[in-house]
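Here's query-v3.cif, which has mmCIF, C-alpha atoms and all ligand atoms:
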data_target
loop_
_atom_site.label_atom_id
_atom_site.label_comp_id
_atom_site.auth_asym_id
_atom_site.auth_seq_id
_atom_site.Cartn_x
_atom_site.Cartn_y
_atom_site.Cartn_z
CA MET P 638 -3.38 -3.08 21.13
CA SER P 639 -5.21 -1.21 18.38
CA SER P 640 -4.63 1.51 15.81
CA PRO P 641 -6.19 4.96 15.69
CA THR P 642 -8.38 5.55 12.66
CA ILE P 643 -8.49 8.16 9.90
CA LYS P 644 -11.91 9.42 8.80
CA LEU P 645 -12.07 9.17 5.02
CA ASN P 646 -13.82 11.76 2.85
CA ASN P 647 -16.83 9.42 2.49
CA GLY P 648 -17.29 8.98 6.25
CA HIS P 649 -15.72 5.51 6.55
CA GLU P 650 -13.02 5.02 9.17
CA MET P 651 -9.69 3.53 8.10
CA PRO P 652 -7.12 2.20 10.60
CA GLN P 653 -4.02 4.39 10.48
CA VAL P 654 -1.68 1.46 11.01
CA GLY P 655 -2.20 -1.64 8.92
CA PHE P 656 -0.38 -4.68 7.64
CA GLY P 657 1.02 -4.89 4.08
CA LEU P 658 0.86 -8.20 2.23
CA TRP P 659 3.52 -7.70 -0.46
CA LYS P 660 6.14 -10.48 -0.44
CA VAL P 661 4.31 -12.43 2.25
CA ASP P 662 4.91 -15.99 1.05
CA ASN P 663 1.95 -18.19 0.30
CA ALA P 664 2.93 -20.98 2.68
CA ASN P 665 2.87 -18.72 5.76
CA CYS P 666 0.42 -16.02 4.68
CA ALA P 667 -2.70 -17.39 6.38
CA ASP P 668 -0.88 -17.87 9.69
CA ILE P 669 0.76 -14.45 9.48
CA VAL P 670 -2.57 -12.72 8.82
CA TYR P 671 -4.22 -14.68 11.64
CA ASN P 672 -1.42 -13.76 13.99
CA ALA P 673 -1.50 -10.09 12.97
CA ILE P 674 -5.22 -9.99 13.75
CA LYS P 675 -4.47 -11.56 17.12
CA VAL P 676 -1.90 -8.82 17.82
CA GLY P 677 -4.49 -6.16 16.91
CA TYR P 678 -4.09 -5.36 13.21
CA ARG P 679 -7.39 -4.66 11.46
CA LEU P 680 -6.27 -3.28 8.07
CA PHE P 681 -4.73 -5.61 5.50
CA ASP P 682 -3.27 -4.16 2.33
CA GLY P 683 -3.46 -6.74 -0.45
CA ALA P 684 -3.31 -6.79 -4.23
CA CYS P 685 -3.80 -9.13 -7.14
CA ASP P 686 -0.11 -8.67 -7.87
CA TYR P 687 0.95 -10.06 -4.48
CA GLY P 688 -0.43 -13.49 -5.44
CA ASN P 689 -1.56 -14.34 -1.90
CA GLU P 690 -5.14 -13.13 -1.65
CA LYS P 691 -6.57 -16.65 -1.17
CA GLU P 692 -4.19 -17.37 1.69
CA ALA P 693 -4.77 -13.94 3.26
CA GLY P 694 -8.51 -14.65 3.09
CA GLU P 695 -7.95 -18.00 4.84
CA GLY P 696 -6.22 -16.20 7.70
CA VAL P 697 -9.05 -13.69 7.95
CA HIS P 698 -11.76 -16.35 8.00
CA ARG P 699 -9.96 -18.44 10.59
CA ALA P 700 -9.71 -15.35 12.80
CA ILE P 701 -13.41 -14.57 12.35
CA LYS P 702 -14.34 -18.21 13.04
CA ASP P 703 -12.25 -18.18 16.24
CA GLY P 704 -14.00 -15.00 17.39
CA LEU P 705 -10.91 -12.75 17.22
CA CYS P 706 -12.84 -10.19 15.14
CA THR P 707 -15.84 -9.77 12.89
CA ARG P 708 -15.82 -8.84 9.19
CA SER P 709 -16.97 -5.32 10.04
CA ASP P 710 -13.99 -4.84 12.41
CA LEU P 711 -11.66 -5.36 9.45
CA PHE P 712 -10.61 -2.99 6.70
CA ILE P 713 -9.56 -5.01 3.66
CA VAL P 714 -7.73 -3.24 0.85
CA SER P 715 -7.02 -4.65 -2.57
CA LYS P 716 -5.77 -3.28 -5.87
CA LEU P 717 -6.60 -3.34 -9.56
CA TRP P 718 -3.63 -4.61 -11.53
CA ASN P 719 -2.39 -2.85 -14.69
CA SER P 720 -3.59 -5.51 -17.12
CA PHE P 721 -7.22 -5.12 -16.00
CA HIS P 722 -7.64 -1.41 -16.76
CA ASP P 723 -10.11 -1.84 -19.65
CA SER P 724 -13.54 -0.80 -18.30
CA GLU P 725 -15.13 -4.18 -19.00
CA ARG P 726 -12.35 -6.01 -17.10
CA VAL P 727 -12.61 -4.05 -13.85
CA ALA P 728 -15.74 -5.56 -12.24
CA PRO P 729 -14.96 -9.17 -13.26
CA ILE P 730 -11.44 -9.05 -11.80
CA CYS P 731 -12.63 -7.29 -8.65
CA LYS P 732 -15.22 -10.07 -8.22
CA LYS P 733 -12.53 -12.74 -8.74
CA GLN P 734 -10.35 -11.07 -6.09
CA LEU P 735 -13.31 -10.91 -3.69
CA GLU P 736 -13.90 -14.59 -4.31
CA ASP P 737 -10.22 -15.33 -3.57
CA TRP P 738 -10.52 -13.50 -0.26
CA GLY P 739 -13.93 -15.09 0.40
CA LEU P 740 -15.43 -11.64 0.90
CA GLU P 741 -18.52 -9.83 -0.34
CA TYR P 742 -16.95 -6.39 -0.44
CA PHE P 743 -13.60 -4.65 -0.11
CA ASP P 744 -13.29 -1.65 2.17
CA LEU P 745 -10.97 0.00 -0.32
CA TYR P 746 -10.03 -0.90 -3.89
CA VAL P 747 -7.18 1.00 -5.47
CA ILE P 748 -5.74 1.47 -8.97
CA HIS P 749 -2.27 -0.03 -8.33
CA PHE P 750 -0.29 1.95 -10.94
CA PRO P 751 -1.31 4.65 -13.44
CA VAL P 752 -0.27 2.27 -16.19
CA SER P 753 -2.53 0.33 -18.54
CA LEU P 754 -1.09 -2.94 -19.85
CA LYS P 755 -2.48 -5.46 -22.32
CA TYR P 756 -5.06 -7.82 -20.81
CA VAL P 757 -3.82 -11.23 -19.71
CA ASP P 758 -6.56 -13.73 -19.01
CA PRO P 759 -6.38 -15.18 -15.46
CA SER P 760 -6.54 -18.68 -16.97
CA VAL P 761 -3.27 -17.95 -18.83
CA ARG P 762 -1.34 -16.52 -15.87
CA TYR P 763 -2.40 -15.14 -12.51
CA PRO P 764 -1.20 -12.84 -11.18
CA PRO P 765 -0.02 -11.64 -14.58
CA GLY P 766 2.82 -9.33 -13.55
CA TRP P 767 4.17 -6.74 -15.98
CA THR P 768 4.36 -8.93 -19.09
CA ASP P 769 1.78 -10.40 -21.45
CA GLU P 770 1.39 -14.03 -22.55
CA ASN P 771 4.40 -13.58 -24.87
CA ASP P 772 6.51 -12.27 -21.96
CA LYS P 773 6.53 -8.75 -23.43
CA VAL P 774 5.59 -5.52 -21.68
CA THR P 775 2.73 -4.41 -23.97
CA PRO P 776 0.76 -1.22 -23.32
CA GLY P 777 -3.01 -1.45 -22.98
CA LYS P 778 -5.51 0.98 -24.50
CA ALA P 779 -7.45 2.18 -21.45
CA THR P 780 -7.22 5.79 -20.33
CA LEU P 781 -6.97 6.42 -16.60
CA GLU P 782 -10.26 8.30 -16.74
CA SER P 783 -12.12 5.34 -18.22
CA THR P 784 -10.59 3.00 -15.64
CA TYR P 785 -11.50 5.33 -12.80
CA HIS P 786 -15.13 5.51 -13.95
CA ALA P 787 -15.22 1.69 -13.92
CA MET P 788 -13.87 1.84 -10.34
CA GLU P 789 -16.74 4.22 -9.44
CA ASP P 790 -19.17 1.62 -10.77
CA LEU P 791 -17.73 -0.86 -8.23
CA VAL P 792 -18.89 1.42 -5.42
CA ASP P 793 -22.35 1.63 -7.01
CA GLN P 794 -22.44 -2.17 -7.20
CA GLY P 795 -21.43 -2.56 -3.54
CA LEU P 796 -18.22 -4.42 -4.41
CA THR P 797 -16.09 -1.89 -2.54
CA ARG P 798 -16.94 0.82 -0.03
CA SER P 799 -14.18 3.21 -1.06
CA ILE P 800 -11.92 3.64 -4.05
CA GLY P 801 -8.48 5.14 -4.34
CA VAL P 802 -5.36 5.31 -6.44
CA SER P 803 -1.70 4.51 -5.98
CA ASN P 804 1.56 5.75 -7.46
CA TYR P 805 -0.13 8.88 -8.87
CA GLY P 806 1.77 12.17 -8.90
CA GLY P 807 0.36 15.68 -8.52
CA ALA P 808 -0.64 16.20 -12.17
CA LEU P 809 -2.56 12.91 -12.30
CA MET P 810 -4.30 13.73 -8.99
CA LEU P 811 -5.35 17.17 -10.23
CA ASP P 812 -6.65 15.63 -13.45
CA LEU P 813 -8.51 12.89 -11.56
CA LEU P 814 -10.25 15.45 -9.37
CA ARG P 815 -11.70 17.07 -12.51
CA TYR P 816 -13.42 13.91 -13.73
CA ALA P 817 -14.14 12.00 -10.50
CA ARG P 818 -17.83 11.51 -9.72
CA ILE P 819 -16.75 9.73 -6.51
CA ARG P 820 -13.68 11.37 -5.03
CA PRO P 821 -10.76 9.05 -4.31
CA ALA P 822 -10.68 8.30 -0.58
CA THR P 823 -6.94 7.59 -0.50
CA LEU P 824 -3.68 7.87 -2.41
CA GLN P 825 -1.04 5.23 -1.68
CA ILE P 826 2.56 6.25 -2.37
CA GLU P 827 6.12 5.29 -1.59
CA HIS P 828 7.01 7.52 1.33
CA HIS P 829 10.02 7.49 3.66
CA PRO P 830 12.63 10.07 4.68
CA TYR P 831 14.54 9.52 1.41
CA LEU P 832 11.34 10.20 -0.62
CA VAL P 833 9.18 12.70 1.25
CA GLN P 834 6.97 14.10 -1.57
CA GLN P 835 5.69 16.81 0.77
CA ASN P 836 3.95 18.81 -2.00
CA LEU P 837 1.96 15.74 -3.03
CA VAL P 838 1.06 15.01 0.61
CA ASP P 839 -0.02 18.65 1.02
CA LEU P 840 -2.16 18.53 -2.13
CA CYS P 841 -3.98 15.45 -0.81
CA LYS P 842 -4.48 17.05 2.57
CA ALA P 843 -5.99 20.15 0.95
CA GLU P 844 -8.30 17.95 -1.14
CA GLY P 845 -9.37 15.71 1.77
CA ILE P 846 -7.67 12.60 0.39
CA ALA P 847 -5.96 10.35 2.95
CA VAL P 848 -2.40 9.34 2.10
CA THR P 849 -1.08 5.86 2.84
CA ALA P 850 2.70 5.50 2.94
CA TYR P 851 4.28 2.33 1.63
CA SER P 852 7.85 1.12 2.08
CA SER P 853 8.17 3.30 5.19
CA PHE P 854 11.62 1.89 5.94
CA GLY P 855 13.06 2.94 2.55
CA PRO P 856 15.84 0.66 1.27
CA GLN P 857 15.11 -2.21 3.69
CA SER P 858 12.24 -3.63 1.64
CA PHE P 859 14.30 -3.52 -1.57
CA ARG P 860 17.27 -5.33 -0.04
CA ASP P 861 14.92 -8.26 0.39
CA LEU P 862 14.45 -8.10 -3.39
CA ASP P 863 18.16 -8.00 -4.15
CA MET P 864 17.72 -4.64 -5.95
CA GLU P 865 21.02 -2.84 -6.65
CA LEU P 866 19.67 0.53 -5.49
CA GLY P 867 18.32 -1.07 -2.33
CA LYS P 868 21.64 -2.81 -1.62
CA ASN P 869 23.71 0.32 -2.28
CA THR P 870 21.67 2.71 -0.15
CA PRO P 871 22.54 2.85 3.57
CA LEU P 872 19.71 1.61 5.74
CA LEU P 873 17.52 4.25 7.35
CA PHE P 874 17.58 2.10 10.50
CA ASP P 875 21.32 2.93 10.77
CA HIS P 876 21.04 6.63 9.92
CA PRO P 877 22.52 8.72 12.77
CA THR P 878 19.50 11.08 12.85
CA ILE P 879 17.02 8.22 13.11
CA LYS P 880 19.15 6.43 15.70
CA LYS P 881 19.55 9.61 17.77
CA VAL P 882 15.78 10.27 17.84
CA ALA P 883 15.05 6.61 18.60
CA GLU P 884 17.46 6.59 21.53
CA LYS P 885 16.03 9.81 22.91
CA HIS P 886 12.49 8.38 22.96
CA GLY P 887 13.49 4.86 23.97
CA LYS P 888 11.90 3.52 20.78
CA THR P 889 13.25 1.52 17.84
CA PRO P 890 14.36 3.19 14.58
CA ALA P 891 11.41 1.44 12.87
CA GLN P 892 8.96 3.05 15.29
CA VAL P 893 10.52 6.48 14.67
CA LEU P 894 10.20 6.03 10.89
CA LEU P 895 6.55 5.02 11.22
CA ARG P 896 5.76 7.77 13.76
CA TRP P 897 7.32 10.42 11.50
CA ALA P 898 4.65 9.45 8.94
CA THR P 899 1.66 8.89 11.26
CA GLN P 900 2.28 12.09 13.23
CA ARG P 901 2.05 13.97 9.93
CA GLY P 902 -1.35 12.35 9.32
CA LEU P 903 -0.38 9.54 6.95
CA ALA P 904 -1.43 5.91 7.28
CA VAL P 905 1.28 3.21 7.27
CA ILE P 906 1.22 -0.48 6.29
CA PRO P 907 4.45 -2.17 7.41
CA LYS P 908 4.70 -5.93 7.60
CA SER P 909 6.68 -8.34 9.64
CA ALA P 910 6.53 -12.00 10.50
CA SER P 911 8.08 -11.48 13.93
CA GLN P 912 5.77 -11.09 16.91
CA ASP P 913 7.91 -8.42 18.51
CA ARG P 914 8.12 -6.28 15.36
CA LEU P 915 4.42 -6.70 14.65
CA LYS P 916 3.74 -5.23 18.07
CA GLN P 917 6.26 -2.41 17.88
CA ASN P 918 5.04 -1.37 14.43
CA LEU P 919 1.40 -1.30 15.54
CA ASP P 920 2.41 0.58 18.68
CA ASN P 921 4.11 3.45 16.80
CA THR P 922 1.45 6.03 17.67
CA SER P 923 1.97 5.83 21.44
CA PHE P 924 4.63 8.57 21.52
CA ASP P 925 5.18 11.94 19.84
CA LEU P 926 8.21 13.35 18.08
CA GLY P 927 9.15 16.98 18.63
CA GLU P 928 8.45 19.42 15.78
CA GLU P 929 12.18 19.91 15.27
CA GLU P 930 12.69 16.14 15.09
CA VAL P 931 9.99 15.84 12.43
CA ARG P 932 11.65 18.64 10.43
CA GLU P 933 15.07 17.05 10.83
CA ILE P 934 13.83 13.68 9.55
CA SER P 935 12.00 15.32 6.62
CA GLY P 936 15.31 17.05 5.84
CA LEU P 937 16.85 13.68 4.93
CA ASP P 938 14.90 13.76 1.64
CA LYS P 939 16.94 12.60 -1.37
CA LYS P 940 13.98 12.21 -3.77
CA LEU P 941 15.12 8.60 -3.97
CA ARG P 942 12.46 6.25 -5.31
CA PHE P 943 13.01 2.51 -5.01
CA ASN P 944 9.71 1.14 -6.31
CA ASP P 945 10.13 2.35 -9.89
CA PRO P 946 9.52 -0.28 -12.61
CA LEU P 947 12.76 0.89 -14.25
CA ASN P 948 14.67 -0.33 -11.16
CA TYR P 949 13.34 -3.83 -11.85
CA GLY P 950 14.35 -3.67 -15.53
CA ILE P 951 10.73 -3.08 -16.59
CA PRO P 952 10.74 -0.44 -19.35
CA VAL P 953 7.78 1.60 -18.07
CA PRO P 954 8.98 5.11 -17.08
CA CYS P 955 5.78 5.98 -15.18
CA PHE P 956 7.66 8.19 -12.68
CA ALA P 957 9.77 9.98 -15.31
P1 LIG R 1 7.68 -2.70 4.75
O1 LIG R 1 7.39 -1.35 5.26
O2 LIG R 1 6.68 -3.75 5.04
O3 LIG R 1 9.13 -3.18 5.18
C1 LIG R 1 9.45 -4.50 5.06
C2 LIG R 1 10.86 -4.79 5.58
O4 LIG R 1 11.07 -4.19 6.84
C3 LIG R 1 11.04 -6.27 5.76
O5 LIG R 1 12.41 -6.54 5.48
C4 LIG R 1 10.74 -6.46 7.25
O6 LIG R 1 11.34 -7.60 7.76
C5 LIG R 1 11.35 -5.20 7.82
N1 LIG R 1 10.73 -4.78 9.09
C6 LIG R 1 9.40 -4.69 9.39
N2 LIG R 1 9.22 -4.23 10.63
C7 LIG R 1 10.46 -4.02 11.15
C8 LIG R 1 10.92 -3.53 12.40
N3 LIG R 1 10.08 -3.16 13.35
N4 LIG R 1 12.27 -3.45 12.59
C9 LIG R 1 13.14 -3.81 11.62
N5 LIG R 1 12.75 -4.28 10.40
C10 LIG R 1 11.42 -4.37 10.17
O7 LIG R 1 7.91 -2.51 3.21
P2 LIG R 1 7.06 -2.80 1.91
O8 LIG R 1 6.64 -4.23 1.85
O9 LIG R 1 7.85 -2.27 0.77
O10 LIG R 1 5.79 -1.88 2.07
C11 LIG R 1 4.74 -2.16 2.95
C12 LIG R 1 3.46 -2.50 2.22
O11 LIG R 1 3.13 -1.44 1.33
C13 LIG R 1 3.52 -3.73 1.31
O12 LIG R 1 3.40 -4.93 2.00
C14 LIG R 1 2.34 -3.46 0.40
O13 LIG R 1 1.13 -3.81 1.04
C15 LIG R 1 2.42 -1.95 0.21
N6 LIG R 1 3.14 -1.57 -1.02
C16 LIG R 1 2.42 -0.99 -2.03
C17 LIG R 1 3.02 -0.63 -3.21
C18 LIG R 1 2.23 0.03 -4.31
O14 LIG R 1 2.73 0.11 -5.44
N7 LIG R 1 1.06 0.52 -4.01
C19 LIG R 1 4.39 -0.87 -3.40
C20 LIG R 1 5.13 -1.45 -2.34
C21 LIG R 1 4.48 -1.78 -1.16
#
Starting from the coordinates I provided, produce the structure as structure tokens.
Ligand code: NAD
Amino acid sequence: MSSPTIKLNNGHEMPQVGFGLWKVDNANCADIVYNAIKVGYRLFDGACDYGNEKEAGEGVHRAIKDGLCTRSDLFIVSKLWNSFHDSERVAPICKKQLEDWGLEYFDLYVIHFPVSLKYVDPSVRYPPGWTDENDKVTPGKATLESTYHAMEDLVDQGLTRSIGVSNYGGALMLDLLRYARIRPATLQIEHHPYLVQQNLVDLCKAEGIAVTAYSSFGPQSFRDLDMELGKNTPLLFDHPTIKKVAEKHGKTPAQVLLRWATQRGLAVIPKSASQDRLKQNLDNTSFDLGEEEVREISGLDKKLRFNDPLNYGIPVPCFA
């Protein structure tokens, strides 16, 4: 089983269905990555903040050693954390992350949030999270433009093939396009039927920027975190519209949620530790929804964002 690919604006091909590494625990991460490669996943979406890049790299290298794939078959994504936005911090932290993975280059390296925080040295705490060494959320001094130019330098240095951004809204994207020497290849955003952001998706389409959807199942991922909003929002898996469409196509609600995104041209990066779910998630592009079904699912929009720092008690209103 394999995923279709999306041609990025720099000519590189990115698998449309990948595997997300957030909340994948360290003890099982290498095995889970190995197993996902065995099932057919080729894109892995990692980040400094997920704290499991070494273990993910172990899984990758075991798979390469066993002949399941080669490095060039894989598309490895990582992200620049908020506390490394100062220009002079970007290349060193990217190199550390590459070392953790045991790789020479990333396929895509993304600014995780449009938020600059005070630098925390990796020897003090790694990953640093949202707070500094005094456990305070302290703003950094870097502008997004200066950080982006440092990301462009990573491409020049061969440390990553593509660069992108995440959690940017329309105004930040429009601004970025004015100063970018290397256009962002992708934008990664929270995207599910309760948070459709169609205007932002349309802007990216018009500008040739691929959109990757995260948290495609909406509240499910945030129940795992014990977040109030996640717990209080009915699961999309149980929504009558999603269930009706799933039954009609003989697919699972998860596959319908993923297909609603991939059919509209987005990439998706769900994760699961179960063999059956790994397969069904990867297999979401093997059927088509009707136009009316797509419209009906998009109509469930509530502009409901789960992955907002404010929902974790972090006083950074970056989506305000
Ligand atoms: P997810 O889409 O991976 O959903 C995870 C939840 O859905 C888990 O509870 C899992 O057990 C369950 N699940 C998976 N497949 C299922 C299936 N077929 N049927 C029923 N349940 C199923 O959610 P996520 O982790 O929030 O997002 C995916 C990835 O997106 C992350 O791993 C990460 O790589 C990325 N992400 C990025 C950001 C960002 O700020 N850029 C934020 C959040 C997530």
Requested in this report: Would you kindly return, as a VMD selection string, each protein, DNA or RNA residue with an atom no farther than 12 Å from any atom of segment 647-652 of chain P, considering all atoms listed in the file and excluding same-chain residues fewer than 6 positions away?
Outcome: chain P and resid 639 to 641 677 to 682 709 to 714 744 to 745 792 797 to 801 819 to 823 845 to 849 899 902 to 906 919 922
Do you know which residues are within 7 Å of ligand LIG 1 (chain R) using only C-alpha atoms and all ligand atoms? Can you write them as an mmCIF file with C-alpha atoms, in the coordinates of the input?
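Below you can see selection16.cif, which holds the result:
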data_model
loop_
_atom_site.group_PDB
_atom_site.id
_atom_site.type_symbol
_atom_site.label_atom_id
_atom_site.label_comp_id
_atom_site.auth_asym_id
_atom_site.auth_seq_id
_atom_site.Cartn_x
_atom_site.Cartn_y
_atom_site.Cartn_z
ATOM 1 C CA PHE P 656 -0.380 -4.680 7.640
ATOM 2 C CA GLY P 657 1.020 -4.890 4.080
ATOM 3 C CA LEU P 658 0.860 -8.200 2.230
ATOM 4 C CA TRP P 659 3.520 -7.700 -0.460
ATOM 5 C CA LYS P 660 6.140 -10.480 -0.440
ATOM 6 C CA ASP P 682 -3.270 -4.160 2.330
ATOM 7 C CA GLY P 683 -3.460 -6.740 -0.450
ATOM 8 C CA HIS P 749 -2.270 -0.030 -8.330
ATOM 9 C CA PHE P 750 -0.290 1.950 -10.940
ATOM 10 C CA SER P 803 -1.700 4.510 -5.980
ATOM 11 C CA ASN P 804 1.560 5.750 -7.460
ATOM 12 C CA GLN P 825 -1.040 5.230 -1.680
ATOM 13 C CA ILE P 826 2.560 6.250 -2.370
ATOM 14 C CA GLU P 827 6.120 5.290 -1.590
ATOM 15 C CA TYR P 851 4.280 2.330 1.630
ATOM 16 C CA SER P 852 7.850 1.120 2.080
ATOM 17 C CA SER P 853 8.170 3.300 5.190
ATOM 18 C CA PHE P 854 11.620 1.890 5.940
ATOM 19 C CA GLN P 857 15.110 -2.210 3.690
ATOM 20 C CA SER P 858 12.240 -3.630 1.640
ATOM 21 C CA PHE P 859 14.300 -3.520 -1.570
ATOM 22 C CA ASP P 861 14.920 -8.260 0.390
ATOM 23 C CA ALA P 891 11.410 1.440 12.870
ATOM 24 C CA GLN P 892 8.960 3.050 15.290
ATOM 25 C CA ILE P 906 1.220 -0.480 6.290
ATOM 26 C CA PRO P 907 4.450 -2.170 7.410
ATOM 27 C CA LYS P 908 4.700 -5.930 7.600
ATOM 28 C CA SER P 909 6.680 -8.340 9.640
ATOM 29 C CA ARG P 914 8.120 -6.280 15.360
ATOM 30 C CA LEU P 915 4.420 -6.700 14.650
ATOM 31 C CA GLN P 917 6.260 -2.410 17.880
ATOM 32 C CA ASN P 918 5.040 -1.370 14.430
ATOM 33 C CA ASN P 944 9.710 1.140 -6.310
#
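If you look at atom CA of Glu865 of chain P and atom CA of Gly950 of chain P, they are 11.1 Å away from each other.
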**Report entry** Nearby residues (all atoms listed in the file) at most 9 Å from segment 893-898 of chain P, same-chain spacing under 5 positions excluded, as a ChimeraX atom specification
**Finding:** /P:654,828-830,850,853-854,873-874,879-880,882-883,886,888,903-905,907,918,921-926,930-931,934-935
Would you place a box with edges along x, y and z of the file around all atoms of segment 919-924 of chain P listed there, add 3 Å to each of its six sides, and report the centre and edge lengths in Å to one decimal, as lines of an AutoDock Vina configuration file?
center_x = 3.0
center_y = 3.6
center_z = 18.5
size_x = 9.2
size_y = 15.9
size_z = 12.0
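One finds atom CA of Lys691 of chain P at 13.9 Å from atom CA of Ile730 of chain P.
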So that each row is one residue of segment 689-766 of chain P with an atom at most 7 Å from segment 773-783 of chain P, can you give its shortest atom pair and the distance in Å to one decimal, using only C-alpha atoms, rows by chain and rising number, as a tab-separated table?
residue	atom	partner	partner_atom	distance
P:His722	CA	P:Ala779	CA	5.9
P:Asp723	CA	P:Ala779	CA	5.1
P:Ser724	CA	P:Ser783	CA	6.3
P:Pro751	CA	P:Leu781	CA	6.7
P:Ser753	CA	P:Gly777	CA	4.8
P:Leu754	CA	P:Gly777	CA	4.0
P:Lys755	CA	P:Gly777	CA	4.1
Query - Residues near Asn665 of chain P, cut-off 10 Å, all atoms listed in the file, skip fewer than 5 positions along chain, as a PyMOL selection string - result: chain P and resi 670+689+692-693+696+910
Next, the residues of the selection above should be written as a PDB file, in the frame of the given file with C-alpha atoms.
ATOM      1  CA  VAL P 670      -2.570 -12.720   8.820  1.00  0.00           C
ATOM      2  CA  ASN P 689      -1.560 -14.340  -1.900  1.00  0.00           C
ATOM      3  CA  GLU P 692      -4.190 -17.370   1.690  1.00  0.00           C
ATOM      4  CA  ALA P 693      -4.770 -13.940   3.260  1.00  0.00           C
ATOM      5  CA  GLY P 696      -6.220 -16.200   7.700  1.00  0.00           C
ATOM      6  CA  ALA P 910       6.530 -12.000  10.500  1.00  0.00           C
TER       7      ALA P 910
END
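Interatomic distance, atom CA of Leu824 of chain P against atom CA of Val953 of chain P: 20.4 Å.
You can rank P:Glu741, P:Ile643, P:Val752, P:Asp839 by their closest distance to Gly807 of chain P using all atoms listed in the file, and at the top of that list sits P:Asp839.
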